[in-house]
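K.L.:
So I've got this file, model-v8.json, and it contains JSON, C-alpha atoms:
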```
[["chain", "number", "residue", "atom", "x", "y", "z"],
["Q", 1, "MET", "CA", 10.44, 17.22, 37.84],
["Q", 2, "PRO", "CA", 7.00, 15.55, 38.30],
["Q", 3, "ASP", "CA", 6.69, 11.83, 37.59],
["Q", 4, "LEU", "CA", 5.23, 10.77, 34.26],
["Q", 5, "TYR", "CA", 2.35, 8.30, 34.13],
["Q", 6, "MET", "CA", 0.46, 6.52, 31.39],
["Q", 7, "ILE", "CA", -3.31, 6.81, 31.79],
["Q", 8, "GLU", "CA", -5.76, 4.45, 30.08],
["Q", 9, "PHE", "CA", -9.20, 5.63, 29.00],
["Q", 10, "LYS", "CA", -12.16, 3.91, 27.41],
["Q", 11, "SER", "CA", -11.42, 1.19, 24.81],
["Q", 12, "GLY", "CA", -7.68, 1.15, 25.55],
["Q", 13, "ARG", "CA", -6.93, 4.74, 24.53],
["Q", 14, "LYS", "CA", -3.73, 5.72, 26.38],
["Q", 15, "GLU", "CA", -2.00, 9.05, 26.98],
["Q", 16, "TYR", "CA", 0.85, 10.42, 29.10],
["Q", 17, "PHE", "CA", 0.26, 12.79, 32.04],
["Q", 18, "TYR", "CA", 2.50, 14.41, 34.64],
["Q", 19, "ASN", "CA", 1.80, 14.12, 38.34],
["Q", 20, "THR", "CA", 2.24, 17.88, 38.59],
["Q", 21, "PHE", "CA", 0.62, 18.17, 42.01],
["Q", 22, "TYR", "CA", 2.52, 15.19, 43.49],
["Q", 23, "HIS", "CA", -0.46, 13.05, 44.45],
["Q", 24, "SER", "CA", 0.16, 9.66, 46.03],
["Q", 25, "LEU", "CA", -0.73, 7.27, 43.21],
["Q", 26, "LYS", "CA", -0.47, 3.59, 42.38],
["Q", 27, "ALA", "CA", -1.26, 1.45, 39.35],
["Q", 28, "GLY", "CA", -4.97, 0.81, 38.94],
["Q", 29, "ASP", "CA", -6.11, 4.06, 40.56],
["Q", 30, "PHE", "CA", -8.73, 6.13, 38.78],
["Q", 31, "VAL", "CA", -7.68, 9.75, 38.36],
["Q", 32, "ILE", "CA", -9.06, 13.00, 36.99],
["Q", 33, "VAL", "CA", -6.80, 14.60, 34.37],
["Q", 34, "GLN", "CA", -6.67, 17.75, 32.33],
["Q", 35, "ALA", "CA", -8.47, 17.44, 29.02],
["Q", 36, "ASP", "CA", -9.36, 19.61, 26.08],
["Q", 37, "ARG", "CA", -11.43, 22.42, 27.64],
["Q", 38, "GLY", "CA", -12.17, 20.46, 30.79],
["Q", 39, "GLU", "CA", -11.52, 17.25, 32.69],
["Q", 40, "ASP", "CA", -11.45, 13.56, 31.84],
["Q", 41, "MET", "CA", -11.24, 10.39, 33.91],
["Q", 42, "GLY", "CA", -8.98, 7.41, 33.34],
["Q", 43, "ARG", "CA", -7.20, 4.55, 35.06],
["Q", 44, "LEU", "CA", -3.53, 4.81, 35.98],
["Q", 45, "ASP", "CA", -1.81, 2.15, 33.88],
["Q", 46, "LYS", "CA", 1.83, 2.53, 34.94],
["Q", 47, "LYS", "CA", 4.57, 4.91, 35.95],
["Q", 48, "VAL", "CA", 7.03, 5.77, 33.17],
["Q", 49, "PHE", "CA", 10.66, 5.66, 34.31],
["Q", 50, "LYS", "CA", 12.47, 6.40, 31.04],
["Q", 51, "ASP", "CA", 12.91, 9.88, 29.60],
["Q", 52, "LEU", "CA", 10.64, 10.57, 26.62],
["Q", 53, "ASP", "CA", 11.07, 13.27, 24.01],
["Q", 54, "PHE", "CA", 7.92, 15.37, 23.55],
["Q", 55, "SER", "CA", 9.57, 18.03, 21.39],
["Q", 56, "ASP", "CA", 7.54, 16.96, 18.33],
["Q", 57, "THR", "CA", 4.28, 16.44, 20.20],
["Q", 58, "GLU", "CA", 2.14, 18.30, 22.65],
["Q", 59, "ARG", "CA", 3.56, 18.31, 26.17],
["Q", 60, "PRO", "CA", 1.58, 15.98, 28.46],
["Q", 61, "ARG", "CA", -1.05, 17.60, 30.63],
["Q", 62, "SER", "CA", -1.42, 17.14, 34.38],
["Q", 63, "ILE", "CA", -3.15, 14.69, 36.69],
["Q", 64, "LEU", "CA", -5.50, 16.90, 38.70],
["Q", 65, "ARG", "CA", -6.57, 14.57, 41.51],
["Q", 66, "PRO", "CA", -7.48, 10.99, 42.41],
["Q", 67, "ALA", "CA", -11.05, 10.14, 41.45],
["Q", 68, "GLY", "CA", -13.66, 10.10, 44.22],
["Q", 69, "ASP", "CA", -16.93, 8.22, 44.67],
["Q", 70, "GLU", "CA", -18.89, 10.94, 42.87],
["Q", 71, "ASP", "CA", -16.49, 10.71, 39.92],
["Q", 72, "ARG", "CA", -17.03, 6.96, 39.71],
["Q", 73, "ARG", "CA", -20.81, 7.36, 39.72],
["Q", 74, "LYS", "CA", -20.51, 9.96, 36.99],
["Q", 75, "LEU", "CA", -18.35, 7.61, 34.92],
["Q", 76, "GLU", "CA", -20.97, 4.87, 35.18],
["Q", 77, "GLN", "CA", -23.70, 7.29, 34.12],
["Q", 78, "ASN", "CA", -21.62, 8.43, 31.16],
["Q", 79, "ARG", "CA", -21.27, 4.83, 29.99],
["Q", 80, "ILE", "CA", -25.05, 4.33, 30.24],
["Q", 81, "ASP", "CA", -25.71, 7.54, 28.30],
["Q", 82, "GLU", "CA", -23.15, 6.54, 25.64],
["Q", 83, "GLU", "CA", -25.11, 3.35, 24.99],
["Q", 84, "GLY", "CA", -28.33, 5.34, 24.77],
["Q", 85, "ALA", "CA", -26.78, 7.76, 22.28],
["Q", 86, "TRP", "CA", -26.52, 5.04, 19.62],
["Q", 87, "GLY", "CA", -30.28, 5.02, 19.21],
["Q", 88, "LYS", "CA", -30.27, 8.72, 18.34],
["Q", 89, "VAL", "CA", -27.23, 9.01, 16.09],
["Q", 90, "LEU", "CA", -27.86, 5.98, 13.84],
["Q", 91, "PRO", "CA", -31.17, 7.34, 12.45],
["Q", 92, "LEU", "CA", -29.49, 10.70, 11.84],
["Q", 93, "ILE", "CA", -26.70, 9.02, 9.87],
["Q", 94, "GLY", "CA", -29.36, 7.31, 7.76],
["Q", 95, "ASN", "CA", -31.32, 10.54, 7.25],
["Q", 96, "HIS", "CA", -28.21, 12.32, 5.97],
["Q", 97, "LYS", "CA", -27.32, 9.30, 3.77],
["Q", 98, "LEU", "CA", -23.77, 9.19, 5.09],
["Q", 99, "GLU", "CA", -21.63, 6.20, 4.09],
["Q", 100, "MET", "CA", -19.96, 5.65, 7.43],
["Q", 101, "LYS", "CA", -19.86, 2.95, 10.09],
["Q", 102, "LEU", "CA", -20.18, 4.10, 13.69],
["Q", 103, "VAL", "CA", -17.67, 2.33, 15.94],
["Q", 104, "ASP", "CA", -17.89, 3.93, 19.38],
["Q", 105, "ILE", "CA", -19.23, 6.91, 21.33],
["Q", 106, "GLU", "CA", -17.28, 8.46, 24.21],
["Q", 107, "TYR", "CA", -18.23, 11.22, 26.62],
["Q", 108, "GLN", "CA", -15.50, 13.36, 28.13],
["Q", 109, "HIS", "CA", -15.86, 12.95, 31.89],
["Q", 110, "ASP", "CA", -17.21, 16.47, 32.46],
["Q", 111, "ARG", "CA", -19.50, 16.05, 29.40],
["Q", 112, "ASN", "CA", -17.97, 19.13, 27.75],
["Q", 113, "LYS", "CA", -17.26, 17.00, 24.67],
["Q", 114, "MET", "CA", -18.78, 13.98, 22.97],
["Q", 115, "THR", "CA", -16.66, 12.02, 20.49],
["Q", 116, "TYR", "CA", -18.06, 9.73, 17.80],
["Q", 117, "TYR", "CA", -15.57, 7.29, 16.26],
["Q", 118, "PHE", "CA", -16.35, 5.94, 12.80],
["Q", 119, "THR", "CA", -14.82, 4.22, 9.79],
["Q", 120, "ALA", "CA", -15.49, 5.06, 6.15],
["Q", 121, "GLU", "CA", -14.08, 4.15, 2.76],
["Q", 122, "HIS", "CA", -13.99, 7.78, 1.64],
["Q", 123, "ARG", "CA", -14.05, 11.26, 3.10],
["Q", 124, "VAL", "CA", -17.41, 12.05, 4.73],
["Q", 125, "ASP", "CA", -19.05, 15.47, 4.91],
["Q", 126, "PHE", "CA", -20.61, 15.22, 8.36],
["Q", 127, "ARG", "CA", -21.15, 18.94, 9.08],
["Q", 128, "ALA", "CA", -24.94, 18.67, 9.02],
["Q", 129, "LEU", "CA", -24.77, 15.65, 11.33],
["Q", 130, "VAL", "CA", -22.59, 17.58, 13.79],
["Q", 131, "ARG", "CA", -25.12, 20.42, 13.86],
["Q", 132, "ASP", "CA", -27.97, 18.01, 14.62],
["Q", 133, "LEU", "CA", -26.00, 16.29, 17.39],
["Q", 134, "ALA", "CA", -24.91, 19.60, 18.94],
["Q", 135, "ALA", "CA", -28.54, 20.75, 19.02],
["Q", 136, "GLU", "CA", -29.56, 17.47, 20.64],
["Q", 137, "TYR", "CA", -26.86, 17.21, 23.32],
["Q", 138, "LYS", "CA", -25.93, 20.90, 23.85],
["Q", 139, "THR", "CA", -22.22, 20.06, 24.04],
["Q", 140, "ARG", "CA", -19.18, 20.07, 21.79],
["Q", 141, "ILE", "CA", -19.37, 17.30, 19.19],
["Q", 142, "GLU", "CA", -16.35, 15.70, 17.54],
["Q", 143, "LEU", "CA", -16.52, 13.07, 14.80],
["Q", 144, "ARG", "CA", -13.24, 11.20, 14.41],
["Q", 145, "GLN", "CA", -12.54, 8.90, 11.47],
["Q", 146, "ILE", "CA", -10.33, 5.94, 12.38],
["Q", 147, "GLY", "CA", -8.85, 2.98, 10.50],
["Q", 148, "VAL", "CA", -10.00, -0.62, 10.67],
["Q", 149, "ARG", "CA", -7.13, -1.51, 13.00],
["Q", 150, "ASP", "CA", -8.15, 1.22, 15.41],
["Q", 151, "GLU", "CA", -11.71, -0.06, 15.13],
["Q", 152, "ALA", "CA", -10.62, -3.54, 16.22],
["Q", 153, "LYS", "CA", -8.64, -2.02, 19.07],
["Q", 154, "ARG", "CA", -11.63, -0.07, 20.40],
["Q", 155, "ILE", "CA", -14.10, -2.94, 20.02],
["Q", 156, "GLY", "CA", -11.76, -5.60, 21.40],
["Q", 157, "GLY", "CA", -11.92, -9.34, 20.85],
["Q", 158, "PHE", "CA", -9.81, -12.49, 20.69],
["Q", 159, "GLY", "CA", -7.26, -13.53, 18.10],
["Q", 160, "ILE", "CA", -6.82, -16.92, 16.43],
["Q", 161, "CYS", "CA", -4.35, -17.74, 19.24],
["Q", 162, "GLY", "CA", -7.20, -17.65, 21.75],
["Q", 163, "LEU", "CA", -5.80, -14.62, 23.59],
["Q", 164, "ARG", "CA", -7.02, -11.04, 23.64],
["Q", 165, "GLN", "CA", -6.01, -8.99, 20.62],
["Q", 166, "CYS", "CA", -2.57, -7.45, 21.01],
["Q", 167, "CYS", "CA", -3.92, -4.07, 19.91],
["Q", 168, "SER", "CA", -6.46, -4.13, 22.75],
["Q", 169, "CYS", "CA", -3.85, -5.09, 25.34],
["Q", 170, "TYR", "CA", -0.58, -3.25, 24.90],
["Q", 171, "LEU", "CA", 0.24, -2.12, 21.35],
["Q", 172, "LYS", "CA", 0.70, 1.66, 21.24],
["Q", 173, "SER", "CA", 1.11, 1.98, 17.48],
["Q", 174, "PHE", "CA", 0.66, -0.11, 14.36],
["Q", 175, "ASP", "CA", 3.88, -0.95, 12.52],
["Q", 176, "PRO", "CA", 3.78, -1.61, 8.76],
["Q", 177, "ILE", "CA", 3.34, -5.33, 8.04],
["Q", 178, "SER", "CA", 3.75, -7.08, 4.68],
["Q", 179, "THR", "CA", 3.30, -10.57, 3.33],
["Q", 180, "ASN", "CA", 7.09, -10.81, 3.26],
["Q", 181, "ASP", "CA", 7.00, -11.10, 7.08],
["Q", 182, "ALA", "CA", 4.90, -14.25, 6.68],
["Q", 183, "ARG", "CA", 7.04, -15.52, 3.79],
["Q", 184, "VAL", "CA", 10.25, -15.20, 5.82],
["Q", 185, "GLN", "CA", 8.70, -17.35, 8.53],
["Q", 186, "GLY", "CA", 7.54, -19.98, 6.06],
["Q", 187, "LEU", "CA", 3.86, -19.38, 6.84],
["Q", 188, "SER", "CA", 0.97, -20.03, 4.51],
["Q", 189, "LEU", "CA", -0.07, -16.93, 2.56],
["Q", 190, "ASN", "CA", -3.73, -17.89, 2.96],
["Q", 191, "PRO", "CA", -5.42, -14.59, 4.01],
["Q", 192, "ALA", "CA", -7.74, -16.43, 6.40],
["Q", 193, "LYS", "CA", -4.73, -17.70, 8.38],
["Q", 194, "ILE", "CA", -2.59, -14.56, 8.51],
["Q", 195, "SER", "CA", -5.28, -11.89, 8.94],
["Q", 196, "GLY", "CA", -6.70, -10.54, 12.19],
["Q", 197, "ASN", "CA", -10.23, -9.53, 13.13],
["Q", 198, "CYS", "CA", -9.63, -6.18, 11.45],
["Q", 199, "GLY", "CA", -9.10, -7.88, 8.08],
["Q", 200, "ARG", "CA", -5.48, -6.71, 7.94],
["Q", 201, "LEU", "CA", -2.32, -8.80, 8.38],
["Q", 202, "LEU", "CA", -1.74, -10.04, 11.93],
["Q", 203, "CYS", "CA", 0.32, -7.67, 14.08],
["Q", 204, "CYS", "CA", 2.15, -10.66, 15.57],
["Q", 205, "LEU", "CA", 3.73, -11.43, 12.19],
["Q", 206, "LYS", "CA", 6.20, -8.67, 13.05],
["Q", 207, "TYR", "CA", 7.27, -10.13, 16.40],
["Q", 208, "GLU", "CA", 9.58, -12.91, 15.16],
["Q", 209, "THR", "CA", 10.57, -11.61, 11.74],
["Q", 210, "GLY", "CA", 13.86, -10.21, 13.05],
["Q", 211, "HIS", "CA", 14.79, -13.53, 14.69],
["Q", 212, "TYR", "CA", 14.01, -15.46, 11.50],
["Q", 213, "CYS", "CA", 16.05, -13.07, 9.35],
["Q", 214, "GLU", "CA", 19.02, -13.16, 11.73],
["Q", 215, "THR", "CA", 19.02, -16.95, 12.01],
["Q", 216, "ARG", "CA", 18.43, -17.70, 8.34],
["Q", 217, "SER", "CA", 21.21, -15.30, 7.28],
["Q", 218, "LYS", "CA", 23.74, -17.80, 8.69],
["Q", 219, "TYR", "CA", 22.59, -20.54, 6.33],
["Q", 220, "PRO", "CA", 22.57, -21.06, 2.57],
["Q", 221, "GLU", "CA", 19.20, -20.75, 0.86],
["Q", 222, "VAL", "CA", 16.96, -23.82, 0.69],
["Q", 223, "GLY", "CA", 17.77, -25.65, -2.58],
["Q", 224, "GLU", "CA", 21.42, -24.56, -2.70],
["Q", 225, "LYS", "CA", 24.28, -27.04, -2.84],
["Q", 226, "TYR", "CA", 26.28, -27.62, 0.34],
["Q", 227, "VAL", "CA", 29.33, -29.80, 0.90],
["Q", 228, "THR", "CA", 29.30, -31.86, 4.10],
["Q", 229, "VAL", "CA", 31.85, -34.34, 5.48],
["Q", 230, "GLN", "CA", 29.72, -37.14, 4.00],
["Q", 231, "GLY", "CA", 29.59, -35.48, 0.58],
["Q", 232, "GLU", "CA", 27.73, -32.87, -1.44],
["Q", 233, "GLY", "CA", 24.02, -32.38, -0.98],
["Q", 234, "ILE", "CA", 21.15, -29.92, -1.25],
["Q", 235, "VAL", "CA", 19.87, -27.76, 1.63],
["Q", 236, "ASP", "CA", 16.44, -29.27, 2.24],
["Q", 237, "ARG", "CA", 15.08, -27.23, 5.15],
["Q", 238, "ILE", "CA", 16.10, -24.91, 7.97],
["Q", 239, "ASN", "CA", 14.86, -25.17, 11.56],
["Q", 240, "VAL", "CA", 14.98, -21.65, 12.96],
["Q", 241, "PHE", "CA", 14.00, -22.52, 16.53],
["Q", 242, "GLU", "CA", 16.54, -25.32, 17.05],
["Q", 243, "ASP", "CA", 19.11, -23.56, 14.84],
["Q", 244, "PHE", "CA", 20.05, -26.26, 12.34],
["Q", 245, "MET", "CA", 19.61, -27.13, 8.67],
["Q", 246, "MET", "CA", 19.07, -30.48, 6.99],
["Q", 247, "VAL", "CA", 21.17, -31.31, 3.93],
["Q", 248, "LYS", "CA", 19.90, -34.12, 1.70],
["Q", 249, "LEU", "CA", 22.65, -36.11, 0.00],
["Q", 250, "ALA", "CA", 22.42, -37.73, -3.44],
["Q", 251, "GLY", "CA", 21.64, -41.13, -1.91],
["Q", 252, "GLY", "CA", 18.71, -39.73, 0.08],
["Q", 253, "GLU", "CA", 20.49, -39.58, 3.44],
["Q", 254, "GLU", "CA", 20.03, -36.45, 5.53],
["Q", 255, "VAL", "CA", 22.78, -34.64, 7.43],
["Q", 256, "LYS", "CA", 22.00, -32.19, 10.24],
["Q", 257, "ILE", "CA", 24.23, -29.11, 10.34],
["Q", 258, "PHE", "CA", 23.94, -26.84, 13.40],
["Q", 259, "GLY", "CA", 24.44, -23.10, 13.25],
["Q", 260, "ARG", "CA", 27.26, -23.29, 15.79],
["Q", 261, "ASP", "CA", 29.18, -25.61, 13.44],
["Q", 262, "LEU", "CA", 28.75, -23.10, 10.61],
["Q", 263, "ARG", "CA", 30.13, -20.34, 12.84],
["Q", 264, "GLN", "CA", 33.14, -22.48, 13.80],
["Q", 265, "LYS", "CA", 33.77, -23.28, 10.14],
["Q", 266, "LEU", "CA", 33.55, -19.59, 9.27],
["Q", 267, "ARG", "CA", 35.99, -18.70, 12.05],
["Q", 268, "ARG", "CA", 38.45, -21.34, 10.81],
["Q", 269, "GLN", "CA", 38.20, -20.02, 7.27],
["Q", 270, "THR", "CA", 38.66, -16.46, 8.47],
["Q", 271, "SER", "CA", 41.68, -17.48, 10.54],
["Q", 272, "PHE", "CA", 43.20, -19.30, 7.54],
["Q", 273, "PHE", "CA", 42.81, -16.29, 5.23],
["Q", 274, "GLN", "CA", 44.21, -13.95, 7.86],
["Q", 275, "LYS", "CA", 47.33, -16.13, 8.22],
["Q", 276, "TRP", "CA", 47.61, -16.39, 4.43],
["Q", 277, "ARG", "CA", 47.46, -12.58, 4.03],
["Q", 278, "GLU", "CA", 50.01, -12.10, 6.82],
["Q", 279, "ALA", "CA", 52.38, -14.58, 5.17],
["Q", 280, "LEU", "CA", 51.90, -12.86, 1.81],
["Q", 281, "ASN", "CA", 52.70, -9.49, 3.34],
["Q", 282, "ILE", "CA", 55.89, -10.90, 4.90],
["Q", 283, "GLU", "CA", 57.01, -12.24, 1.51],
["Q", 284, "LYS", "CA", 56.41, -8.88, -0.14],
["Q", 285, "SER", "CA", 58.38, -7.04, 2.51],
["Q", 286, "LYS", "CA", 61.50, -9.17, 1.95]]
```
As a first step, turn the structure in this file into structure tokens.

P.N.:
Amino acid sequence: MPDLYMIEFKSGRKEYFYNTFYHSLKAGDFVIVQADRGEDMGRLDKKVFKDLDFSDTERPRSILRPAGDEDRRKLEQNRIDEEGAWGKVLPLIGNHKLEMKLVDIEYQHDRNKMTYYFTAEHRVDFRALVRDLAAEYKTRIELRQIGVRDEAKRIGGFGICGLRQCCSCYLKSFDPISTNDARVQGLSLNPAKISGNCGRLLCCLKYETGHYCETRSKYPEVGEKYVTVQGEGIVDRINVFEDFMMVKLAGGEEVKIFGRDLRQKLRRQTSFFQKWREALNIEKSK
């Protein structure tokens, strides 16, 4: 079976393609691939070694050939023409009084299709706009409405961490994120601190939520009573990264309890109850 590759196109758009014709390829190569009614050009991102199930999606198309010098020149010209197309489409959007925000314009490599990406609060009737654009460019026109997260992914940028946005680098899909993910991690619920450039909750809030939930499940809730060797106190705080909790006693002293000590205590309690049940069963059998 042909090898499967992930190909990256403009603005981080990625799709899977088979090396049906067994070309010699390596990461970073530009290749020509099958596209809707023609050909497109992208950069080979990586070879996919695991088996993927495409039963619910369209089977990946084929990589036709490595890109040549003429293909590269054509790609550069397409990018120049895409920039020039903004000056023609924006007045048309205004003339038709369409409430939409244009995000990006992308030519298919063979120029058989031109895609306009936009965001809008509501459904937009852009049929008249499509007719005007088709008459202007004499090619197939597609207007595609995307969400604000997809907009940020296509435009690119840097997050509050100082690094490139995750969506522009490697995220393939957007998982649901809620303020509970921030609450579990003890983060401020200030929207300015937990929102990305797209205005939605930061994707990275999802990265450590599982670790926080797993670690905190070993401990009592903050504010609960807990009996230590030194006496009874209140759970004051939990340090997830170093895996311990601080218990504040009545006199103000603080006692550090590590997660490993809780596990040992739990094992001792479990062992005691097991022995107690075994002894009880022996008594009943007599």

K.L.:
At most 7 Å from (20.0, -27.4, 11.3), file frame, all atoms listed in the file: which residues, as a list in words?

P.N.:
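Returned residue set, sorted by chain then number, is Ile238, Asn239, Asp243, Phe244, Met245, Met246, Lys256, Ile257, Phe258 and Gly259 of chain Q.
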
K.L.:
Of the residues Q:Gln34, Q:Asn112, Q:Ser62, Q:Ser55, which is the one nearest to Pro2 in chain Q, using all atoms listed in the file?

P.N.:
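Of the candidates, the smallest distance to Pro2 in chain Q is held by Q:Ser62.
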
K.L.:
As an exercise, work out the distance from CA of Gly147 in chain Q to CA of Cys204 in chain Q in Å and give it to one decimal place.

P.N.:
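CA of Gly147 in chain Q sits 18.2 Å away from CA of Cys204 in chain Q.
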
K.L.:
Excluding range 79-82 of chain Q and residues on its chain fewer than 6 positions from it, collect all residues at most 9 Å away from it, counting all atoms listed in the file, and give them as number ranges by chain.

P.N.:
Q: 104-107

K.L.:
Using the selection just defined, write its residues with C-alpha atoms as a compact mmCIF listing (two decimals), in the frame of the given file.

P.N.:
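Written output follows (again16.txt):
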```txt
# COMPACT_ATOMS: atom_id res chain seq x y z
CA ASP Q 104 -17.89 3.93 19.38
CA ILE Q 105 -19.23 6.91 21.33
CA GLU Q 106 -17.28 8.46 24.21
CA TYR Q 107 -18.23 11.22 26.62
```

K.L.:
Which is closest to Val227 in chain Q among Q:Lys193, Q:Asn78, Q:Thr209, Q:Val255, if we use only C-alpha atoms?

P.N.:
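Nearest candidate to Val227 in chain Q out of Q:Lys193, Q:Asn78, Q:Thr209, Q:Val255: Q:Val255.
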
K.L.:
Give the answer as one residue: which of Q:Arg144, Q:Arg216, Q:Lys172, Q:His122 has the shortest atom-to-atom distance to Gly186 in chain Q, using only C-alpha atoms?

P.N.:
Q:Arg216

K.L.:
Could you please determine the separation between CA of Arg37 in chain Q and CA of Met1 in chain Q in Å, to one decimal place?

P.N.:
24.7 Å

K.L.:
For a quick check of understanding, using all atoms listed in the file, which of Q:Ala250, Q:Gly210, Q:Thr119, Q:Lys50 has the smallest distance to Lys225 in chain Q?

P.N.:
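Selected residue with least distance to Lys225 in chain Q: Q:Ala250.
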
K.L.:
Using only C-alpha atoms, which protein or nucleic acid residues come within 10 Å of Pro191 in chain Q? Drop anything in the same chain fewer than 5 positions from it, and give the result as a list in words.

P.N.:
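My list of contacting residues is Thr179, Gly196, Gly199, Arg200, Leu201 and Leu202 of chain Q.
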
K.L.:
Determine, using only C-alpha atoms, which residues of range 136-241 of chain Q have any atom at most 10 Å from an atom of range 11-30 of chain Q, and tabulate each with its shortest atom pair and distance in Å to one decimal place, rows ordered by chain and then rising number, as a tab-separated table.

P.N.:
```
residue	atom	partner	partner_atom	distance
Q:Asp150	CA	Q:Arg13	CA	9.9
Q:Glu151	CA	Q:Ser11	CA	9.8
Q:Ala152	CA	Q:Ser11	CA	9.8
Q:Lys153	CA	Q:Ser11	CA	7.1
Q:Arg154	CA	Q:Ser11	CA	4.6
Q:Ile155	CA	Q:Ser11	CA	6.9
Q:Gly156	CA	Q:Ser11	CA	7.6
Q:Cys167	CA	Q:Gly12	CA	8.6
Q:Ser168	CA	Q:Gly12	CA	6.1
Q:Cys169	CA	Q:Gly12	CA	7.3
Q:Tyr170	CA	Q:Gly12	CA	8.4
Q:Leu171	CA	Q:Gly12	CA	9.5
Q:Lys172	CA	Q:Lys14	CA	7.9
```

K.L.:
Would you mind reading off the distance between CA of Arg43 in chain Q and CA of Glu8 in chain Q, one decimal, in Å?

P.N.:
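Interatomic distance here is 5.2 Å.
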
K.L.:
Mind giving me the axis-aligned box for range 21-27 of chain Q with 3 Å on every side, centre plus edges in Å to one decimal, as lines of an AutoDock Vina configuration file?

P.N.:
```
center_x = 0.6
center_y = 9.8
center_z = 42.7
size_x = 9.8
size_y = 22.7
size_z = 12.7
```

K.L.:
Determine, counting all atoms listed in the file, which protein, DNA and RNA residues have an atom within 12 Å of an atom of Arg183 in chain Q; residues of the same chain fewer than 3 positions away are not included. Present the result as a PyMOL selection string.

P.N.:
chain Q and resi 177-180+186-190+194+205-206+208-209+212-213

K.L.:
Select, from Q:Leu129, Q:Val48, Q:Ala182, Q:Ala120, the residue with the minimum atom-to-atom distance to Leu90 in chain Q, counting all atoms listed in the file.

P.N.:
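Counting all atoms listed in the file, the residue closest to Leu90 in chain Q is Q:Leu129.
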